[in-house]
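Asker: Enclosed is the structure file start_14.cif (mmCIF, C-alpha atoms).
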```
data_query
#
loop_
_atom_site.label_atom_id
_atom_site.label_comp_id
_atom_site.auth_asym_id
_atom_site.auth_seq_id
_atom_site.Cartn_x
_atom_site.Cartn_y
_atom_site.Cartn_z
CA MET Z 1 25.79 73.45 77.85
CA LYS Z 2 24.85 70.03 79.25
CA CYS Z 3 26.98 67.19 80.53
CA ARG Z 4 27.18 64.42 77.95
CA ARG Z 5 26.77 61.72 80.59
CA CYS Z 6 24.29 62.99 83.20
CA GLY Z 7 22.60 65.93 81.46
CA GLY Z 8 23.47 68.31 84.32
CA THR Z 9 25.11 71.70 83.83
CA ALA Z 10 28.53 71.27 82.21
CA THR Z 11 31.66 72.85 83.68
CA LEU Z 12 34.05 72.01 80.86
CA GLU Z 13 33.64 71.71 77.12
CA LEU Z 14 35.99 69.39 75.24
CA ARG Z 15 35.61 70.49 71.64
CA ARG Z 16 37.93 67.81 70.26
CA HIS Z 17 35.61 65.17 71.71
CA ASN Z 18 32.51 67.17 70.74
CA ALA Z 19 31.46 66.82 74.38
CA ALA Z 20 31.00 68.66 77.64
CA PHE Z 21 31.03 67.28 81.18
CA CYS Z 22 29.98 68.22 84.69
CA ALA Z 23 32.76 68.15 87.32
CA ASP Z 24 32.18 64.58 88.53
CA ASP Z 25 31.82 63.10 85.06
CA PHE Z 26 34.85 65.01 83.79
CA LEU Z 27 36.98 63.57 86.62
CA GLU Z 28 35.81 60.09 85.69
CA PHE Z 29 36.54 60.78 82.00
CA PHE Z 30 40.04 61.91 83.01
CA ARG Z 31 40.73 58.80 85.10
CA ASN Z 32 39.47 56.61 82.27
CA GLN Z 33 41.94 58.21 79.87
CA VAL Z 34 44.81 57.51 82.28
CA ARG Z 35 43.63 53.90 82.74
CA GLU Z 36 43.47 53.48 78.98
CA ALA Z 37 47.00 54.87 78.54
CA ILE Z 38 48.42 52.53 81.17
CA ARG Z 39 46.57 49.52 79.73
CA ARG Z 40 47.26 50.18 76.07
CA HIS Z 41 51.01 50.66 76.52
CA ARG Z 42 51.42 48.23 79.44
CA MET Z 43 53.08 51.09 81.33
CA PHE Z 44 53.23 49.30 84.67
CA ALA Z 45 51.62 46.42 86.52
CA ARG Z 46 49.51 46.63 89.66
CA ASP Z 47 52.32 45.30 91.84
CA GLU Z 48 55.06 47.59 90.49
CA ARG Z 49 56.26 50.58 92.45
CA VAL Z 50 56.22 53.75 90.36
CA LEU Z 51 58.47 56.78 90.69
CA VAL Z 52 56.43 59.86 89.76
CA ALA Z 53 58.56 62.85 88.73
CA VAL Z 54 56.83 65.92 90.16
CA SER Z 55 57.56 69.59 89.52
CA GLY Z 56 54.82 71.25 91.59
CA GLY Z 57 52.92 72.02 88.37
CA LYS Z 58 49.43 70.88 87.42
CA ASP Z 59 50.40 67.96 85.20
CA SER Z 60 52.71 66.00 87.48
CA LEU Z 61 50.60 66.57 90.60
CA ALA Z 62 47.43 65.58 88.71
CA LEU Z 63 49.19 62.43 87.55
CA TRP Z 64 50.36 61.56 91.04
CA ASP Z 65 46.84 62.21 92.39
CA VAL Z 66 45.24 59.82 89.88
CA LEU Z 67 47.81 57.08 90.45
CA ILE Z 68 47.35 57.27 94.24
CA ASP Z 69 43.56 57.07 93.84
CA GLU Z 70 43.95 54.14 91.47
CA GLY Z 71 45.79 52.29 94.23
CA TYR Z 72 49.31 52.28 92.77
CA ASP Z 73 52.33 52.19 95.08
CA THR Z 74 54.05 55.47 94.23
CA SER Z 75 56.91 57.64 95.40
CA GLY Z 76 57.36 61.20 94.20
CA LEU Z 77 60.65 62.62 93.01
CA TYR Z 78 61.16 66.36 93.16
CA LEU Z 79 64.30 67.76 91.53
CA ASP Z 80 65.21 71.11 93.03
CA LEU Z 81 66.58 73.07 90.08
CA GLY Z 82 67.65 76.03 92.20
CA ILE Z 83 65.68 78.53 90.08
CA PHE Z 84 65.20 81.26 92.67
CA ASP Z 85 61.71 81.69 94.22
CA TYR Z 86 60.18 79.48 91.54
CA SER Z 87 61.97 76.41 92.92
CA VAL Z 88 61.24 77.34 96.53
CA GLU Z 89 57.53 77.61 95.80
CA SER Z 90 57.30 74.53 93.58
CA ARG Z 91 59.10 72.40 96.17
CA THR Z 92 56.66 73.57 98.86
CA LYS Z 93 53.72 72.59 96.61
CA CYS Z 94 55.15 69.07 96.21
CA GLU Z 95 55.91 68.66 99.90
CA THR Z 96 52.43 69.89 100.86
CA PHE Z 97 50.80 67.53 98.38
CA ALA Z 98 52.85 64.53 99.57
CA ALA Z 99 52.06 65.27 103.23
CA ARG Z 100 48.35 65.72 102.51
CA ARG Z 101 48.14 62.43 100.59
CA GLY Z 102 50.50 60.59 102.94
CA VAL Z 103 52.91 59.47 100.22
CA PRO Z 104 56.74 59.53 100.18
CA LEU Z 105 58.61 62.29 98.36
CA ILE Z 106 62.28 62.05 97.41
CA VAL Z 107 64.04 65.39 96.94
CA ARG Z 108 67.28 65.83 94.99
CA ARG Z 109 69.08 69.13 94.47
CA VAL Z 110 70.62 69.67 91.05
CA ALA Z 111 73.24 71.89 92.71
CA ASP Z 112 74.41 68.91 94.81
CA GLU Z 113 74.51 66.55 91.85
CA VAL Z 114 75.91 68.73 89.05
CA GLY Z 115 77.84 71.22 91.18
CA ALA Z 116 75.67 74.24 90.39
CA PRO Z 117 71.97 75.18 90.09
CA VAL Z 118 70.30 75.64 86.69
CA PRO Z 119 70.88 79.44 86.46
CA VAL Z 120 74.65 78.90 86.90
CA ILE Z 121 74.66 75.94 84.49
CA LYS Z 122 73.05 78.27 81.95
CA GLN Z 123 75.90 80.78 82.34
CA VAL Z 124 78.65 78.17 82.31
CA THR Z 125 77.45 76.27 79.27
CA ARG Z 126 76.23 79.37 77.40
CA ARG Z 127 73.39 77.21 76.21
CA PRO Z 128 69.64 77.77 76.75
CA PRO Z 129 68.68 76.90 80.35
CA CYS Z 130 66.20 74.20 79.26
CA SER Z 131 69.10 72.26 77.75
CA GLY Z 132 71.11 71.61 80.95
CA CYS Z 133 67.87 71.39 82.93
CA GLY Z 134 66.35 68.65 80.74
CA LEU Z 135 69.59 66.71 80.63
CA SER Z 136 69.94 66.82 84.43
CA LYS Z 137 66.31 65.83 84.95
CA ARG Z 138 66.48 62.77 82.67
CA TYR Z 139 69.74 61.61 84.25
CA LEU Z 140 68.65 62.10 87.86
CA MET Z 141 65.23 60.54 87.33
CA ASN Z 142 66.81 57.38 85.96
CA ARG Z 143 69.56 57.19 88.58
CA THR Z 144 67.18 57.84 91.49
CA ALA Z 145 64.82 55.12 90.26
CA LEU Z 146 67.74 52.66 90.08
CA GLU Z 147 68.97 53.63 93.54
CA HIS Z 148 65.52 52.98 95.01
CA GLY Z 149 64.94 49.77 93.09
CA LEU Z 150 62.07 51.17 91.01
CA ALA Z 151 61.69 49.89 87.47
CA VAL Z 152 59.59 52.70 86.06
CA VAL Z 153 59.48 56.51 86.06
CA ALA Z 154 56.21 58.28 85.22
CA THR Z 155 56.23 61.89 84.04
CA GLY Z 156 53.37 64.35 83.59
CA HIS Z 157 53.86 64.99 79.87
CA ASN Z 158 50.47 65.73 78.33
CA LEU Z 159 49.08 65.72 74.79
CA ASP Z 160 50.17 69.33 74.18
CA ASP Z 161 53.72 68.61 75.36
CA GLU Z 162 53.94 65.58 73.10
CA ALA Z 163 52.40 67.32 70.09
CA ALA Z 164 54.78 70.30 70.53
CA THR Z 165 57.81 68.00 70.79
CA LEU Z 166 56.72 66.13 67.68
CA PHE Z 167 56.14 69.41 65.86
CA GLY Z 168 59.67 70.56 66.78
CA SER Z 169 61.24 67.27 65.67
CA VAL Z 170 59.39 67.33 62.36
CA MET Z 171 60.19 71.00 61.74
CA HIS Z 172 63.88 70.10 61.89
CA TRP Z 173 63.48 66.53 60.63
CA GLN Z 174 65.25 65.15 63.67
CA THR Z 175 64.71 61.59 62.58
CA ASP Z 176 66.80 60.26 65.47
CA ALA Z 177 64.36 61.86 67.95
CA LEU Z 178 61.20 60.47 66.33
CA PRO Z 179 61.51 56.82 67.41
CA ARG Z 180 62.16 57.93 70.99
CA GLN Z 181 58.91 59.86 71.11
CA SER Z 182 56.51 57.42 72.68
CA PRO Z 183 54.06 57.26 75.61
CA ALA Z 184 56.15 54.37 76.93
CA LEU Z 185 59.85 53.78 76.43
CA ALA Z 186 60.91 50.29 77.35
CA SER Z 187 64.09 49.57 79.25
CA THR Z 188 66.75 48.70 76.67
CA HIS Z 189 69.59 48.31 79.16
CA PRO Z 190 69.74 46.94 82.72
CA LYS Z 191 70.61 50.42 84.00
CA LEU Z 192 67.88 52.20 82.06
CA VAL Z 193 64.44 52.23 83.68
CA ARG Z 194 61.16 52.28 81.78
CA ARG Z 195 59.79 55.81 81.16
CA VAL Z 196 56.07 56.35 80.78
CA LYS Z 197 53.70 59.27 80.18
CA PRO Z 198 50.24 58.29 81.40
CA LEU Z 199 48.76 61.75 80.59
CA TYR Z 200 49.62 61.68 76.89
CA ARG Z 201 45.95 61.28 75.95
CA LEU Z 202 44.93 64.43 77.88
CA SER Z 203 45.39 68.06 76.85
CA GLU Z 204 46.98 70.52 79.23
CA ARG Z 205 43.65 72.30 79.60
CA GLU Z 206 42.21 68.99 80.78
CA THR Z 207 45.02 68.40 83.29
CA ALA Z 208 44.59 71.98 84.55
CA ALA Z 209 40.85 71.39 84.94
CA TYR Z 210 41.48 68.13 86.79
CA ALA Z 211 43.93 69.83 89.18
CA PHE Z 212 41.51 72.70 89.76
CA LEU Z 213 38.48 70.48 90.36
CA ARG Z 214 40.48 68.22 92.70
CA ARG Z 215 41.60 71.35 94.60
CA ILE Z 216 45.26 70.51 94.07
CA ASP Z 217 47.43 73.45 95.05
CA TYR Z 218 49.86 73.70 92.13
CA ILE Z 219 52.25 76.37 90.91
CA VAL Z 220 50.47 78.42 88.24
CA GLU Z 221 53.37 80.76 87.54
CA GLU Z 222 55.61 79.76 84.68
CA CYS Z 223 59.30 78.86 85.10
CA PRO Z 224 61.12 82.21 84.62
CA PHE Z 225 63.32 80.57 81.98
CA ALA Z 226 60.38 79.30 79.92
CA ALA Z 227 59.59 82.71 78.39
CA GLY Z 228 60.63 82.62 74.76
CA ALA Z 229 61.18 78.85 74.73
CA THR Z 230 60.73 77.27 71.33
CA SER Z 231 58.37 74.63 72.69
CA ILE Z 232 56.05 77.40 73.92
CA ALA Z 233 56.03 78.95 70.44
CA HIS Z 234 55.19 75.54 68.98
CA LYS Z 235 52.34 75.13 71.45
CA GLU Z 236 50.94 78.50 70.43
CA VAL Z 237 50.99 77.53 66.76
CA LEU Z 238 49.26 74.24 67.55
CA ASN Z 239 46.63 76.01 69.67
CA ARG Z 240 45.79 78.26 66.70
CA LEU Z 241 45.29 75.14 64.60
CA GLU Z 242 43.25 73.52 67.36
CA ASP Z 243 40.98 76.56 67.56
CA ALA Z 244 40.31 76.43 63.84
CA SER Z 245 40.05 72.64 63.76
CA PRO Z 246 39.29 70.92 67.08
CA GLY Z 247 41.16 67.64 67.35
CA ALA Z 248 44.13 68.84 65.28
CA LYS Z 249 46.69 68.20 68.05
CA HIS Z 250 45.20 64.81 68.85
CA ASN Z 251 45.22 63.77 65.19
CA PHE Z 252 48.78 65.00 64.69
CA LEU Z 253 50.16 63.06 67.67
CA PHE Z 254 48.03 59.93 67.47
CA GLY Z 255 48.47 59.70 63.70
CA PHE Z 256 52.23 59.78 64.20
CA LEU Z 257 52.16 57.15 66.96
CA GLU Z 258 49.95 54.79 64.98
CA LYS Z 259 51.15 55.28 61.41
CA ALA Z 260 54.56 56.93 61.21
CA ARG Z 261 56.55 56.07 64.31
CA PRO Z 262 57.01 52.37 63.49
CA ALA Z 263 58.88 53.28 60.29
CA PHE Z 264 61.36 55.49 62.16
CA GLU Z 265 61.69 52.90 64.92
CA ARG Z 266 62.92 50.31 62.43
CA ALA Z 267 65.56 52.71 61.18
CA GLU Z 268 66.99 53.43 64.62
CA GLY Z 269 70.09 51.61 65.81
CA VAL Z 270 72.22 52.93 68.66
CA THR Z 271 74.69 51.11 70.88
CA LEU Z 272 74.25 51.68 74.59
CA GLN Z 273 77.12 51.38 77.04
CA GLU Z 274 77.96 52.42 80.57
CA CYS Z 275 79.68 55.73 81.23
CA VAL Z 276 83.27 55.05 82.33
CA ARG Z 277 82.88 57.66 85.06
CA CYS Z 278 79.47 57.23 86.69
CA GLY Z 279 78.30 53.91 85.26
CA GLN Z 280 75.02 55.29 83.91
CA VAL Z 281 73.87 54.51 80.39
CA THR Z 282 75.18 56.54 77.46
CA THR Z 283 75.94 56.24 73.76
CA SER Z 284 79.50 57.55 74.22
CA THR Z 285 82.41 56.82 76.56
CA VAL Z 286 81.60 59.61 79.04
CA CYS Z 287 77.93 60.53 79.46
CA ALA Z 288 76.53 64.03 78.81
CA PHE Z 289 75.74 64.51 82.52
CA CYS Z 290 79.37 63.92 83.57
CA LYS Z 291 80.56 66.25 80.80
CA LEU Z 292 78.15 68.92 82.08
CA ALA Z 293 79.40 68.47 85.68
CA ASP Z 294 83.01 68.78 84.40
CA GLN Z 295 82.15 71.99 82.61
CA VAL Z 296 80.61 73.41 85.81
CA LYS Z 297 83.69 72.37 87.84
CA ARG Z 298 86.09 73.94 85.32
CA ALA Z 299 84.10 77.18 85.35
CA ALA Z 300 84.10 77.24 89.16
CA ALA Z 301 87.87 76.60 89.26
CA SER Z 302 88.56 79.30 86.71
CA ALA Z 303 86.30 81.76 88.58
CA GLY Z 304 88.19 80.88 91.80
CA ALA Z 305 91.56 81.41 90.09
CA GLY Z 306 90.30 84.72 88.73
CA ALA Z 307 89.23 85.80 92.20
CA ASP Z 308 92.65 84.83 93.63
CA ARG Z 309 94.48 87.00 91.15
CA MET K 310 33.06 93.14 85.28
CA LYS K 311 36.56 92.26 86.40
CA VAL K 312 38.80 89.72 84.75
CA LEU K 313 41.89 88.38 86.52
CA LEU K 314 44.80 87.41 84.28
CA ARG K 315 48.14 85.75 85.05
CA ASN K 316 51.73 85.79 83.84
CA PRO K 317 51.99 88.58 84.71
CA ARG K 318 49.24 88.86 87.31
CA ARG K 319 46.88 91.71 86.39
CA GLU K 320 43.26 92.76 86.34
CA VAL K 321 41.23 94.25 83.51
CA THR K 322 37.69 95.57 83.39
CA VAL K 323 35.41 94.66 80.48
CA ALA K 324 31.69 94.94 79.80
CA GLY K 325 29.70 92.19 81.52
CA ASN K 326 26.33 90.51 80.91
CA ARG K 327 27.91 88.67 78.02
CA ARG K 328 28.89 85.13 77.20
CA VAL K 329 32.37 83.97 78.17
CA LYS K 330 33.25 83.33 74.53
CA GLU K 331 32.62 87.01 73.69
CA ILE K 332 34.87 88.15 76.54
CA LEU K 333 37.64 85.80 75.39
CA ARG K 334 37.32 87.09 71.86
CA GLU K 335 37.57 90.71 73.03
CA LEU K 336 40.74 89.88 74.99
CA ASP K 337 42.11 87.85 72.05
CA ILE K 338 42.48 84.71 74.16
CA LEU K 339 41.95 81.26 72.65
CA PRO K 340 39.49 79.15 74.68
CA GLU K 341 41.90 76.20 74.51
CA THR K 342 44.58 78.12 76.42
CA VAL K 343 42.74 79.01 79.65
CA LEU K 344 40.48 77.73 82.39
CA VAL K 345 37.59 80.11 83.04
CA ILE K 346 37.07 80.22 86.79
CA ARG K 347 34.17 81.84 88.62
CA GLY K 348 34.46 81.38 92.38
CA ASP K 349 35.01 77.68 93.02
CA ASP K 350 33.67 76.58 89.65
CA LEU K 351 34.69 76.34 86.04
CA VAL K 352 32.39 77.87 83.49
CA THR K 353 31.89 76.99 79.84
CA ALA K 354 32.16 79.46 76.96
CA ASP K 355 28.40 79.69 76.46
CA GLN K 356 27.68 80.91 79.99
CA VAL K 357 26.80 84.55 80.68
CA VAL K 358 28.87 86.49 83.20
CA ARG K 359 27.08 89.33 84.98
CA ASP K 360 28.51 92.82 85.24
CA ASP K 361 29.07 92.51 89.01
CA GLU K 362 30.96 89.22 88.78
CA VAL K 363 34.67 88.42 88.67
CA ILE K 364 36.23 85.68 86.55
CA GLU K 365 39.79 84.42 86.42
CA LEU K 366 41.33 83.34 83.12
CA ARG K 367 44.04 80.94 84.26
CA PRO K 368 46.55 79.96 81.58
CA VAL K 369 47.09 76.23 81.16
CA MET K 370 50.32 76.26 79.17
CA SER K 371 53.39 74.90 80.88
CA GLY K 372 56.86 73.70 80.10
CA GLY K 373 59.76 75.07 78.19
CA ARG K 374 62.39 73.65 75.92
CA ARG K 375 64.71 75.40 73.55
#
```
So that I can check it, write out the structure of this file as structure tokens.
Answerer:
Amino acid sequence: MKCRRCGGTATLELRRHNAAFCADDFLEFFRNQVREAIRRHRMFARDERVLVAVSGGKDSLALWDVLIDEGYDTSGLYLDLGIFDYSVESRTKCETFAARRGVPLIVRRVADEVGAPVPVIKQVTRRPPCSGCGLSKRYLMNRTALEHGLAVVATGHNLDDEAATLFGSVMHWQTDALPRQSPALASTHPKLVRRVKPLYRLSERETAAYAFLRRIDYIVEECPFAAGATSIAHKEVLNRLEDASPGAKHNFLFGFLEKARPAFERAEGVTLQECVRCGQVTTSTVCAFCKLADQVKRAAASAGAGADR
Amino acid sequence: MKVLLRNPRREVTVAGNRRVKEILRELDILPETVLVIRGDDLVTADQVVRDDEVIELRPVMSGGRR
């Protein structure tokens, strides 16, 4: 198989583009896709500082790597979820990357902010672990950006993540979730920073290839709580479709963004206000993060009372 | 030839001197879901892997949400 651009031996075939590339030309293709995403959705300007949410995985570290090389002023944010060895290793990957590239990394521990790490939150709430984890991540990303005076948070969500989320929303006709699914969510409140996904045009195989070819040391092992997650099942279904019909995931997501999303966007109307407790943005009086922290505190108090008896 | 797999980490032996796509098919792995690594390089599905070589099939799927 030959590289589409230089004719040399290809290292990666991209069936959905009916193309193959050598390592150098693939890296340039990848950077071009990120540039196009940033340009098309006006994700951030050259002079804006960007908070990059990093997990130690291939996507977020690949994103950070590209943005640094493109000359953007970035800071990383690592949220320590307290998930046993997985969190220890993923934090080390982020710290090593930041040190090697000479860029600042902010670290926040969910246990300090919520009162307990993700495995305990899972027990207390009796809800799937990804629920409390996702809620905490979104809250802490926004609040950390505000605290550091950054107007935008970039996450490593890729095409597969976005297609799987869309698939899940459509399967359940969650019409309130559809308008919020976008490569760039504008700030709709002074305390809500812009959220952008510069990798949305790239599949997770492409981000993995980028990370590998750039020799980025990322955590390959899966989060121990991800096994059996619905989003993984949705990705598997979509990969079957992709195998039978290359470009299926791309067409599903991009067709939605271009043709269907505007209709759902018009229908959306929520009132945003500030949480009476923490001051962060919510649609109710007390935000979901504060409610979660309360639940953790109550469980700890009741466990303490039980131990005293 | 040896094939390294992840999640969980394990090693299987399959017949070599075949194209990568045939090895993936035998192991029932979709090409879209893995990087095929030989040494420091990635290899495409049409390349032949010799019997004395080792390849890693590194899964690319990440995330979780329930």
Asker: Hey, can you check how far CA of Glu222 (chain Z) sits from CA of Val345 (chain K)?
Answerer: 18.1 Å
Asker: Could you tell me, as a ChimeraX atom specification, which residues have any atom at most 8 Å from (54.0, 75.5, 76.6), counting only C-alpha atoms?
Answerer: /Z:160-161,231-236 /K:370-373
Asker: Any chance you could resolve the PyMOL selection byres ((chain Z) within 9 of (chain K)) against this file and give the residues as a VMD selection string?
Answerer: chain Z and resid 1 10 to 13 15 20 23 57 to 59 128 to 131 134 160 to 161 165 204 to 209 212 to 213 220 to 223 225 to 232 235 to 236 239 to 240 242 to 243
Asker: Go ahead and compute the interatomic distance for CA of Ser60 (chain Z) and CA of Lys2 (chain Z), in Å to one decimal.
Answerer: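 Between CA of Ser60 (chain Z) and CA of Lys2 (chain Z) the gap is 29.3 Å.
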Asker: Got a sec: who's within 10 Å of region 181-192 of chain Z, counting all atoms listed in the file, leaving out chain neighbours fewer than 2 positions off, as a PyMOL selection string?
Answerer: chain Z and resi 37-38+40-44+139+142-143+145-146+151-155+157-159+162-163+165-166+169+176-179+194-201+253+256-257+261+265+272-274+279-282
